[in-house]
$ cat run.cif   # mmCIF, C-alpha atoms
data_input
loop_
_atom_site.group_PDB
_atom_site.id
_atom_site.type_symbol
_atom_site.label_atom_id
_atom_site.label_comp_id
_atom_site.auth_asym_id
_atom_site.auth_seq_id
_atom_site.Cartn_x
_atom_site.Cartn_y
_atom_site.Cartn_z
ATOM 1 C CA GLN A 1402 80.622 -52.675 113.144
ATOM 2 C CA TRP A 1403 84.317 -52.935 112.266
ATOM 3 C CA GLY A 1404 84.426 -49.240 111.474
ATOM 4 C CA SER A 1405 82.854 -48.276 114.791
ATOM 5 C CA TYR A 1406 86.237 -48.752 116.480
ATOM 6 C CA PHE A 1407 87.864 -46.024 114.364
ATOM 7 C CA TRP A 1408 87.653 -42.274 113.899
ATOM 8 C CA PRO A 1409 85.764 -41.604 110.644
ATOM 9 C CA ASN A 1410 87.845 -42.049 107.499
ATOM 10 C CA THR A 1411 90.906 -43.222 109.447
ATOM 11 C CA GLN A 1412 92.483 -46.419 110.752
ATOM 12 C CA VAL A 1413 93.092 -44.786 114.148
ATOM 13 C CA PHE A 1414 91.117 -46.146 117.088
ATOM 14 C CA LYS A 1415 88.656 -43.750 118.683
ATOM 15 C CA ASN A 1416 90.177 -42.859 122.027
ATOM 16 C CA LYS A 1417 89.417 -40.842 125.145
ATOM 17 C CA LEU A 1418 92.501 -38.701 124.560
ATOM 18 C CA GLY A 1419 91.085 -37.305 121.331
ATOM 19 C CA LEU A 1420 94.233 -38.267 119.411
ATOM 20 C CA LYS A 1421 93.665 -38.773 115.714
ATOM 21 C CA ASP A 1422 97.145 -39.586 114.432
ATOM 22 C CA GLN A 1423 98.535 -43.066 114.947
ATOM 23 C CA ALA A 1424 102.034 -42.084 116.061
ATOM 24 C CA SER A 1425 100.780 -39.943 118.943
ATOM 25 C CA LEU A 1426 98.246 -42.545 120.032
ATOM 26 C CA THR A 1427 100.821 -45.339 119.915
ATOM 27 C CA ALA A 1428 103.288 -43.329 122.001
ATOM 28 C CA MET A 1429 100.732 -42.388 124.647
ATOM 29 C CA GLU A 1430 99.303 -45.889 124.758
ATOM 30 C CA ARG A 1431 102.741 -47.449 125.204
ATOM 31 C CA LEU A 1432 103.626 -45.015 127.990
ATOM 32 C CA HIS A 1433 100.372 -45.494 129.864
ATOM 33 C CA THR A 1434 100.146 -49.276 129.535
ATOM 34 C CA THR A 1435 103.767 -49.694 130.641
ATOM 35 C CA LEU A 1436 103.049 -47.706 133.800
ATOM 36 C CA GLN A 1437 99.837 -49.614 134.437
ATOM 37 C CA ALA A 1438 101.564 -52.961 133.932
ATOM 38 C CA GLU A 1439 104.155 -51.960 136.529
ATOM 39 C CA ARG A 1440 101.365 -51.028 138.944
ATOM 40 C CA ILE A 1441 99.696 -54.385 138.397
ATOM 41 C CA ALA A 1442 103.004 -56.190 138.974
ATOM 42 C CA SER A 1443 103.660 -54.273 142.199
ATOM 43 C CA GLY A 1444 100.152 -54.862 143.530
ATOM 44 C CA LEU A 1445 99.140 -51.196 143.415
ATOM 45 C CA ILE A 1446 96.381 -52.278 141.054
ATOM 46 C CA PRO A 1447 94.852 -55.427 142.585
ATOM 47 C CA ILE A 1448 93.769 -58.125 140.149
ATOM 48 C CA ASP A 1449 91.991 -61.253 141.377
ATOM 49 C CA ARG A 1450 93.831 -64.341 140.124
ATOM 50 C CA THR A 1451 90.760 -66.206 138.878
ATOM 51 C CA PHE A 1452 92.263 -67.058 135.468
ATOM 52 C CA ASP A 1453 88.890 -66.722 133.757
ATOM 53 C CA ALA A 1454 87.110 -64.152 131.599
ATOM 54 C CA ALA A 1455 86.823 -61.746 134.532
ATOM 55 C CA HIS A 1456 90.579 -61.964 135.110
ATOM 56 C CA LEU A 1457 91.368 -61.159 131.474
ATOM 57 C CA LYS A 1458 88.877 -58.295 131.435
ATOM 58 C CA ALA A 1459 90.277 -56.839 134.660
ATOM 59 C CA ILE A 1460 93.801 -56.801 133.236
ATOM 60 C CA HIS A 1461 92.650 -55.211 129.978
ATOM 61 C CA ALA A 1462 90.596 -52.592 131.820
ATOM 62 C CA ALA A 1463 93.535 -51.720 134.065
ATOM 63 C CA LEU A 1464 95.792 -51.243 131.053
ATOM 64 C CA PHE A 1465 93.457 -49.394 128.705
ATOM 65 C CA SER A 1466 90.477 -47.853 130.535
ATOM 66 C CA ARG A 1467 91.890 -44.328 130.345
ATOM 67 C CA ILE A 1468 92.359 -44.680 126.608
ATOM 68 C CA TYR A 1469 89.486 -46.697 125.121
ATOM 69 C CA THR A 1470 85.793 -46.967 125.950
ATOM 70 C CA TRP A 1471 85.933 -50.674 125.079
ATOM 71 C CA ALA A 1472 88.668 -51.435 127.618
ATOM 72 C CA GLY A 1473 87.854 -54.584 129.542
ATOM 73 C CA GLU A 1474 85.276 -55.750 127.003
ATOM 74 C CA PHE A 1475 85.641 -58.650 124.588
ATOM 75 C CA ARG A 1476 85.773 -57.661 120.926
ATOM 76 C CA THR A 1477 82.580 -57.493 118.889
ATOM 77 C CA VAL A 1478 84.145 -58.199 115.492
ATOM 78 C CA ASN A 1479 85.840 -61.251 114.035
ATOM 79 C CA MET A 1480 89.574 -60.902 113.456
ATOM 80 C CA ARG A 1481 92.304 -62.596 111.496
ATOM 81 C CA ARG A 1482 96.026 -62.161 110.945
ATOM 82 C CA GLY A 1483 97.119 -63.264 107.512
ATOM 83 C CA VAL A 1484 95.546 -66.654 106.862
ATOM 84 C CA ASN A 1485 94.929 -67.281 110.565
ATOM 85 C CA GLU A 1486 91.466 -66.647 111.974
ATOM 86 C CA PHE A 1487 91.148 -65.997 115.690
ATOM 87 C CA ALA A 1488 88.203 -67.359 117.649
ATOM 88 C CA SER A 1489 84.890 -66.079 116.324
ATOM 89 C CA VAL A 1490 83.037 -63.606 118.520
ATOM 90 C CA PRO A 1491 80.474 -66.203 119.720
ATOM 91 C CA ASP A 1492 83.292 -68.681 120.456
ATOM 92 C CA ILE A 1493 85.473 -66.373 122.586
ATOM 93 C CA PRO A 1494 83.827 -67.307 125.928
ATOM 94 C CA ARG A 1495 84.263 -71.025 125.190
ATOM 95 C CA VAL A 1496 87.945 -70.656 124.298
ATOM 96 C CA VAL A 1497 88.609 -68.501 127.368
ATOM 97 C CA ALA A 1498 86.811 -71.104 129.499
ATOM 98 C CA GLU A 1499 89.043 -73.777 127.958
ATOM 99 C CA MET A 1500 92.111 -71.769 128.975
ATOM 100 C CA HIS A 1501 90.730 -71.365 132.505
ATOM 101 C CA ARG A 1502 90.144 -75.108 132.714
ATOM 102 C CA GLN A 1503 93.680 -75.884 131.500
ATOM 103 C CA ILE A 1504 95.237 -73.507 134.030
ATOM 104 C CA SER A 1505 93.082 -74.833 136.872
ATOM 105 C CA GLU A 1506 93.806 -78.496 136.109
ATOM 106 C CA THR A 1507 97.583 -78.067 135.788
ATOM 107 C CA ASP A 1508 99.945 -78.689 138.697
ATOM 108 C CA TRP A 1509 102.121 -75.615 138.321
ATOM 109 C CA ALA A 1510 104.202 -76.418 141.401
ATOM 110 C CA ILE A 1511 106.072 -79.227 139.612
ATOM 111 C CA ASP A 1512 109.786 -78.356 139.575
ATOM 112 C CA ASP A 1513 110.544 -79.445 136.020
ATOM 113 C CA ARG A 1514 111.413 -76.813 133.449
ATOM 114 C CA ASP A 1515 110.377 -78.921 130.447
ATOM 115 C CA VAL A 1516 107.000 -79.737 131.965
ATOM 116 C CA PHE A 1517 106.467 -76.090 132.867
ATOM 117 C CA ALA A 1518 107.392 -74.921 129.347
ATOM 118 C CA SER A 1519 104.956 -77.397 127.835
ATOM 119 C CA ASN A 1520 102.120 -76.367 130.135
ATOM 120 C CA ILE A 1521 102.644 -72.612 129.795
ATOM 121 C CA SER A 1522 102.856 -73.061 126.012
ATOM 122 C CA THR A 1523 99.382 -74.573 126.048
ATOM 123 C CA THR A 1524 98.034 -71.664 128.085
ATOM 124 C CA ALA A 1525 99.634 -69.138 125.732
ATOM 125 C CA ALA A 1526 98.433 -70.909 122.592
ATOM 126 C CA ILE A 1527 94.824 -71.036 123.771
ATOM 127 C CA GLY A 1528 94.956 -67.394 124.852
ATOM 128 C CA ASN A 1529 96.440 -66.376 121.527
ATOM 129 C CA PHE A 1530 93.666 -68.160 119.633
ATOM 130 C CA ALA A 1531 91.013 -66.514 121.821
ATOM 131 C CA HIS A 1532 92.480 -63.068 121.059
ATOM 132 C CA ALA A 1533 89.598 -61.824 123.145
ATOM 133 C CA PHE A 1534 90.086 -58.074 122.737
ATOM 134 C CA ARG A 1535 90.121 -55.727 119.776
ATOM 135 C CA ASP A 1536 93.675 -54.736 120.669
ATOM 136 C CA GLY A 1537 96.174 -55.295 123.474
ATOM 137 C CA ASN A 1538 95.932 -59.079 123.589
ATOM 138 C CA GLY A 1539 99.672 -59.681 123.788
ATOM 139 C CA ARG A 1540 100.089 -57.326 126.725
ATOM 140 C CA VAL A 1541 97.160 -58.878 128.564
ATOM 141 C CA MET A 1542 98.467 -62.402 128.013
ATOM 142 C CA ARG A 1543 101.945 -61.583 129.287
ATOM 143 C CA ILE A 1544 100.464 -60.345 132.548
ATOM 144 C CA LEU A 1545 98.167 -63.361 132.801
ATOM 145 C CA LEU A 1546 101.111 -65.710 132.187
ATOM 146 C CA ASN A 1547 103.075 -63.915 134.893
ATOM 147 C CA HIS A 1548 100.154 -64.506 137.245
ATOM 148 C CA VAL A 1549 100.224 -68.200 136.355
ATOM 149 C CA CYS A 1550 103.945 -68.246 137.170
ATOM 150 C CA GLU A 1551 103.175 -67.167 140.727
ATOM 151 C CA HIS A 1552 102.039 -70.757 141.316
ATOM 152 C CA SER A 1553 105.275 -72.226 139.937
ATOM 153 C CA PRO A 1554 109.011 -72.252 140.728
ATOM 154 C CA TYR A 1555 109.601 -70.186 137.598
ATOM 155 C CA ARG A 1556 109.065 -66.802 136.023
ATOM 156 C CA LEU A 1557 109.190 -65.587 132.435
ATOM 157 C CA ASP A 1558 111.835 -63.157 131.192
ATOM 158 C CA PHE A 1559 110.621 -61.584 127.950
ATOM 159 C CA THR A 1560 113.511 -59.082 127.869
ATOM 160 C CA ASP A 1561 115.515 -60.594 125.019
ATOM 161 C CA LEU A 1562 112.647 -62.228 123.155
ATOM 162 C CA ASP A 1563 112.639 -61.177 119.502
ATOM 163 C CA PRO A 1564 109.125 -59.895 118.647
ATOM 164 C CA ALA A 1565 109.466 -61.389 115.162
ATOM 165 C CA VAL A 1566 110.096 -64.828 116.651
ATOM 166 C CA TRP A 1567 107.141 -64.434 119.013
ATOM 167 C CA ASN A 1568 104.827 -63.396 116.184
ATOM 168 C CA GLN A 1569 106.011 -66.242 113.960
ATOM 169 C CA ARG A 1570 105.513 -68.867 116.657
ATOM 170 C CA SER A 1571 102.159 -67.368 117.638
ATOM 171 C CA ALA A 1572 100.984 -67.829 114.059
ATOM 172 C CA LEU A 1573 102.186 -71.441 114.016
ATOM 173 C CA THR A 1574 100.205 -72.281 117.166
ATOM 174 C CA MET A 1575 96.935 -71.318 115.486
ATOM 175 C CA PRO A 1576 94.423 -74.051 114.584
ATOM 176 C CA ASP A 1577 94.346 -75.538 111.113
ATOM 177 C CA ARG A 1578 91.548 -74.302 108.855
ATOM 178 C CA GLY A 1579 88.215 -75.670 110.008
ATOM 179 C CA SER A 1580 89.571 -76.672 113.420
ATOM 180 C CA THR A 1581 89.767 -75.072 116.862
ATOM 181 C CA GLN A 1582 92.661 -77.251 118.080
ATOM 182 C CA VAL A 1583 95.756 -75.151 118.806
ATOM 183 C CA HIS A 1584 99.370 -76.293 118.341
ATOM 184 C CA PRO A 1585 101.150 -75.370 121.586
ATOM 185 C CA GLU A 1586 104.219 -77.414 120.656
ATOM 186 C CA GLU A 1587 105.230 -74.503 118.408
ATOM 187 C CA PHE A 1588 105.685 -72.349 121.527
ATOM 188 C CA VAL A 1589 107.710 -74.801 123.625
ATOM 189 C CA ASP A 1590 111.214 -73.794 122.503
ATOM 190 C CA VAL A 1591 110.346 -70.128 123.036
ATOM 191 C CA PHE A 1592 109.132 -70.706 126.568
ATOM 192 C CA LYS A 1593 112.085 -72.931 127.423
ATOM 193 C CA ALA A 1594 114.340 -70.042 126.412
ATOM 194 C CA ILE A 1595 112.575 -67.417 128.525
ATOM 195 C CA THR A 1596 111.838 -69.540 131.608
ATOM 196 C CA VAL A 1597 114.068 -68.700 134.574
ATOM 197 C CA ASP A 1598 114.058 -69.644 138.245
ATOM 198 C CA ALA A 1599 111.739 -67.475 140.308
ATOM 199 C CA ASN A 1600 114.338 -67.030 143.042
#
$ encode --input "run.cif" --output "C-alpha cells"
Amino acid sequence: QWGSYFWPNTQVFKNKLGLKDQASLTAMERLHTTLQAERIASGLIPIDRTFDAAHLKAIHAALFSRIYTWAGEFRTVNMRRGVNEFASVPDIPRVVAEMHRQISETDWAIDDRDVFASNISTTAAIGNFAHAFRDGNGRVMRILLNHVCEHSPYRLDFTDLDPAVWNQRSALTMPDRGSTQVHPEEFVDVFKAITVDAN
C-alpha cells in the first residue's frame, strides 16, 4: 500500500502532471500550492470554517487537487519521522476530532498574547500528531491556524520562522512512545515569537 503512492521503482509521488523527477514535481507543487493558498486567503476559494475533518480535507483538496488523486483524503498508510510515530490510520479521525474539540472549546477572543500562544500551540501540536495526509500537512495546518486566528486579536507571521526550528519543535511536541498525549509546551516559545497583532 505504501508503494501505491509512487511511480514504479521511484520515490516520486504519482501525480496528475505526469512528472517523474522529484525536482520538477517539487517546483510545480510549490508554485501551485502557493497560488492556491493565496486564493484561499483572499476568499477566492471559499473554505467553511468548521475546524473539523471536512475543514482539513477542503484545505488539502484546494491546495493539491490538480496534482494528486488523493488530495483531500486522509492517508491510508502509517507514517513516522525518525523515532516519532504519527497517529495510526485508524486513529486519525479521533485525533482530528480532539483538535476540533479543543478549537471549539477555546475562547480565542481573549486579548492575552501568552494565553493565545499556549492555546494555538495545543492546536498545532494535535494537528501535527494527526498528520492526516500523506503529504502537505504543514501547509494545511498553517492555513487552518490562520483560520483560527480570525477569531482572535492576533495573526501569525511565519515569514522569519526558521524551518529547522519548526521541525525540531514539531518533533518535540510528539507523544512519548506508547502514548497519544502531545507536548504543546514545546511550541509555545515559537508561537510567542510569530504572534503579532491582527490590526
$ resolve_selection --input "run.cif" --expression "the PyMOL selection byres ((chain A and resi 1457-1463) around 10)" --output "VMD selection string"
chain A and resid 1434 1437 to 1438 1440 to 1441 1446 to 1456 1464 to 1475 1497 1528 1533 to 1534 1536 to 1538 1540 to 1542 1544 to 1545
$ atom_distance --input "run.cif" --atom1 "CA of Lys1593 (chain A)" --atom2 "CA of Glu1506 (chain A)"
21.0 Å
$ closest_residue --input "run.cif" --among "A:Ala1498, A:Ala1599, A:Leu1432, A:Ile1504" --to "Glu1551 (chain A)" --atoms "all atoms listed in the file"
A:Ala1599
$ atom_distance --input "run.cif" --atom1 "CA of Leu1562 (chain A)" --atom2 "CA of Thr1524 (chain A)"
18.1 Å
$ atom_distance --input "run.cif" --atom1 "CA of Phe1487 (chain A)" --atom2 "CA of Leu1426 (chain A)"
24.9 Å
$ residues_around --input "run.cif" --residues "region 1580-1584 of chain A" --least-positions-apart "2" --cutoff "12 Å" --atoms "all atoms listed in the file" --output "PyMOL selection string"
chain A and resi 1485-1489+1492-1493+1495-1496+1499-1500+1519+1522-1531+1570-1578+1586-1589
$ residues_around --input "run.cif" --residues "Asp1513 (chain A)" --least-positions-apart "6" --cutoff "12 Å" --atoms "all atoms listed in the file" --output "PyMOL selection string"
chain A and resi 1519-1520+1553-1555+1593+1596-1598
$ write_last_selection --input "run.cif" --atoms "C-alpha atoms" --output "short mmCIF file (atom, residue, chain, number, x, y, z; two decimals), keeping the file's coordinate frame"
data_model
loop_
_atom_site.label_atom_id
_atom_site.label_comp_id
_atom_site.auth_asym_id
_atom_site.auth_seq_id
_atom_site.Cartn_x
_atom_site.Cartn_y
_atom_site.Cartn_z
CA SER A 1519 104.96 -77.40 127.84
CA ASN A 1520 102.12 -76.37 130.14
CA SER A 1553 105.28 -72.23 139.94
CA PRO A 1554 109.01 -72.25 140.73
CA TYR A 1555 109.60 -70.19 137.60
CA LYS A 1593 112.08 -72.93 127.42
CA THR A 1596 111.84 -69.54 131.61
CA VAL A 1597 114.07 -68.70 134.57
CA ASP A 1598 114.06 -69.64 138.24
#
$ resolve_selection --input "run.cif" --expression "the PyMOL selection byres ((chain A and resi 1509) around 8)" --output "VMD selection string"
chain A and resid 1507 to 1508 1510 to 1511 1517 1549 to 1550 1552 to 1553
$ closest_residue --input "run.cif" --among "A:Gly1483, A:Gly1419, A:Pro1409, A:Gly1444" --to "Gln1569 (chain A)" --atoms "all atoms listed in the file"
A:Gly1483
$ axis_aligned_box --input "run.cif" --around "region 1502-1511 of chain A" --padding-each-side "6 Å" --output "lines of an AutoDock Vina configuration file"
center_x = 98.1
center_y = -76.4
center_z = 136.5
size_x = 27.9
size_y = 17.7
size_z = 21.9
$ closest_residue --input "run.cif" --among "A:Arg1502, A:Gln1423, A:Glu1430, A:Ala1518" --to "Thr1411 (chain A)" --atoms "only C-alpha atoms"
A:Gln1423
$ residues_around --input "run.cif" --residues "Ile1595 (chain A)" --least-positions-apart "5" --cutoff "7 Å" --atoms "only C-alpha atoms" --output "PDB file with C-alpha atoms, in the coordinates of the input"
ATOM      1  CA  LEU A1557     109.190 -65.587 132.435  1.00  0.00           C
ATOM      2  CA  ASP A1558     111.835 -63.157 131.192  1.00  0.00           C
ATOM      3  CA  PHE A1559     110.621 -61.584 127.950  1.00  0.00           C
TER       4      PHE A1559
END
$ closest_residue --input "run.cif" --among "A:Pro1585, A:Ser1405, A:Phe1414, A:Asn1568" --to "Gly1539 (chain A)" --atoms "all atoms listed in the file"
A:Asn1568
$ build_atoms --input "run.cif" --residues "region 1559-1587 of chain A" --atoms "N, CA and C atoms" --output "mmCIF file, in the frame of the given file"
data_model
loop_
_atom_site.group_PDB
_atom_site.id
_atom_site.type_symbol
_atom_site.label_atom_id
_atom_site.label_comp_id
_atom_site.auth_asym_id
_atom_site.auth_seq_id
_atom_site.Cartn_x
_atom_site.Cartn_y
_atom_site.Cartn_z
ATOM 1 N N PHE A 1559 110.860 -61.918 129.353
ATOM 2 C CA PHE A 1559 110.621 -61.584 127.950
ATOM 3 C C PHE A 1559 111.649 -60.595 127.396
ATOM 4 N N THR A 1560 112.617 -60.188 128.214
ATOM 5 C CA THR A 1560 113.511 -59.082 127.869
ATOM 6 C C THR A 1560 114.168 -59.236 126.511
ATOM 7 N N ASP A 1561 114.745 -60.403 126.248
ATOM 8 C CA ASP A 1561 115.515 -60.594 125.019
ATOM 9 C C ASP A 1561 114.750 -61.357 123.944
ATOM 10 N N LEU A 1562 113.444 -61.500 124.136
ATOM 11 C CA LEU A 1562 112.647 -62.228 123.155
ATOM 12 C C LEU A 1562 112.414 -61.372 121.919
ATOM 13 N N ASP A 1563 112.810 -61.881 120.772
ATOM 14 C CA ASP A 1563 112.639 -61.177 119.502
ATOM 15 C C ASP A 1563 111.150 -61.151 119.143
ATOM 16 N N PRO A 1564 110.551 -59.962 118.996
ATOM 17 C CA PRO A 1564 109.125 -59.895 118.647
ATOM 18 C C PRO A 1564 108.789 -60.653 117.369
ATOM 19 N N ALA A 1565 109.716 -60.675 116.414
ATOM 20 C CA ALA A 1565 109.466 -61.389 115.162
ATOM 21 C C ALA A 1565 109.335 -62.893 115.411
ATOM 22 N N VAL A 1566 110.172 -63.409 116.304
ATOM 23 C CA VAL A 1566 110.096 -64.828 116.651
ATOM 24 C C VAL A 1566 108.777 -65.126 117.357
ATOM 25 N N TRP A 1567 108.409 -64.259 118.295
ATOM 26 C CA TRP A 1567 107.141 -64.434 119.013
ATOM 27 C C TRP A 1567 105.962 -64.431 118.047
ATOM 28 N N ASN A 1568 105.941 -63.484 117.129
ATOM 29 C CA ASN A 1568 104.827 -63.396 116.184
ATOM 30 C C ASN A 1568 104.779 -64.612 115.265
ATOM 31 N N GLN A 1569 105.957 -65.068 114.828
ATOM 32 C CA GLN A 1569 106.011 -66.242 113.960
ATOM 33 C C GLN A 1569 105.478 -67.476 114.681
ATOM 34 N N ARG A 1570 105.958 -67.693 115.900
ATOM 35 C CA ARG A 1570 105.513 -68.867 116.657
ATOM 36 C C ARG A 1570 104.038 -68.762 117.027
ATOM 37 N N SER A 1571 103.579 -67.557 117.336
ATOM 38 C CA SER A 1571 102.159 -67.368 117.638
ATOM 39 C C SER A 1571 101.302 -67.814 116.463
ATOM 40 N N ALA A 1572 101.728 -67.443 115.260
ATOM 41 C CA ALA A 1572 100.984 -67.829 114.059
ATOM 42 C C ALA A 1572 100.965 -69.345 113.889
ATOM 43 N N LEU A 1573 102.091 -69.990 114.192
ATOM 44 C CA LEU A 1573 102.186 -71.441 114.016
ATOM 45 C C LEU A 1573 101.348 -72.212 115.031
ATOM 46 N N THR A 1574 101.037 -71.591 116.169
ATOM 47 C CA THR A 1574 100.205 -72.281 117.166
ATOM 48 C C THR A 1574 98.725 -72.263 116.806
ATOM 49 N N MET A 1575 98.350 -71.473 115.820
ATOM 50 C CA MET A 1575 96.935 -71.318 115.486
ATOM 51 C C MET A 1575 96.355 -72.610 114.910
ATOM 52 N N PRO A 1576 95.058 -72.835 115.107
ATOM 53 C CA PRO A 1576 94.423 -74.051 114.584
ATOM 54 C C PRO A 1576 94.491 -74.128 113.063
ATOM 55 N N ASP A 1577 94.460 -75.348 112.550
ATOM 56 C CA ASP A 1577 94.346 -75.538 111.113
ATOM 57 C C ASP A 1577 92.961 -75.072 110.666
ATOM 58 N N ARG A 1578 92.833 -74.776 109.380
ATOM 59 C CA ARG A 1578 91.548 -74.302 108.855
ATOM 60 C C ARG A 1578 90.441 -75.320 109.159
ATOM 61 N N GLY A 1579 89.344 -74.814 109.688
ATOM 62 C CA GLY A 1579 88.215 -75.670 110.008
ATOM 63 C C GLY A 1579 88.300 -76.349 111.358
ATOM 64 N N SER A 1580 89.373 -76.057 112.109
ATOM 65 C CA SER A 1580 89.571 -76.672 113.420
ATOM 66 C C SER A 1580 89.675 -75.585 114.487
ATOM 67 N N THR A 1581 89.526 -75.989 115.741
ATOM 68 C CA THR A 1581 89.767 -75.072 116.862
ATOM 69 C C THR A 1581 90.868 -75.620 117.771
ATOM 70 N N GLN A 1582 91.600 -76.621 117.292
ATOM 71 C CA GLN A 1582 92.661 -77.251 118.080
ATOM 72 C C GLN A 1582 93.977 -76.513 117.864
ATOM 73 N N VAL A 1583 94.511 -75.914 118.921
ATOM 74 C CA VAL A 1583 95.756 -75.151 118.806
ATOM 75 C C VAL A 1583 96.962 -76.091 118.792
ATOM 76 N N HIS A 1584 98.127 -75.528 118.442
ATOM 77 C CA HIS A 1584 99.370 -76.293 118.341
ATOM 78 C C HIS A 1584 100.409 -75.709 119.302
ATOM 79 N N PRO A 1585 100.257 -75.980 120.594
ATOM 80 C CA PRO A 1585 101.150 -75.370 121.586
ATOM 81 C C PRO A 1585 102.600 -75.811 121.461
ATOM 82 N N GLU A 1586 102.841 -76.943 120.808
ATOM 83 C CA GLU A 1586 104.219 -77.414 120.656
ATOM 84 C C GLU A 1586 105.095 -76.403 119.929
ATOM 85 N N GLU A 1587 104.474 -75.521 119.140
ATOM 86 C CA GLU A 1587 105.230 -74.503 118.408
ATOM 87 C C GLU A 1587 105.777 -73.419 119.340
#
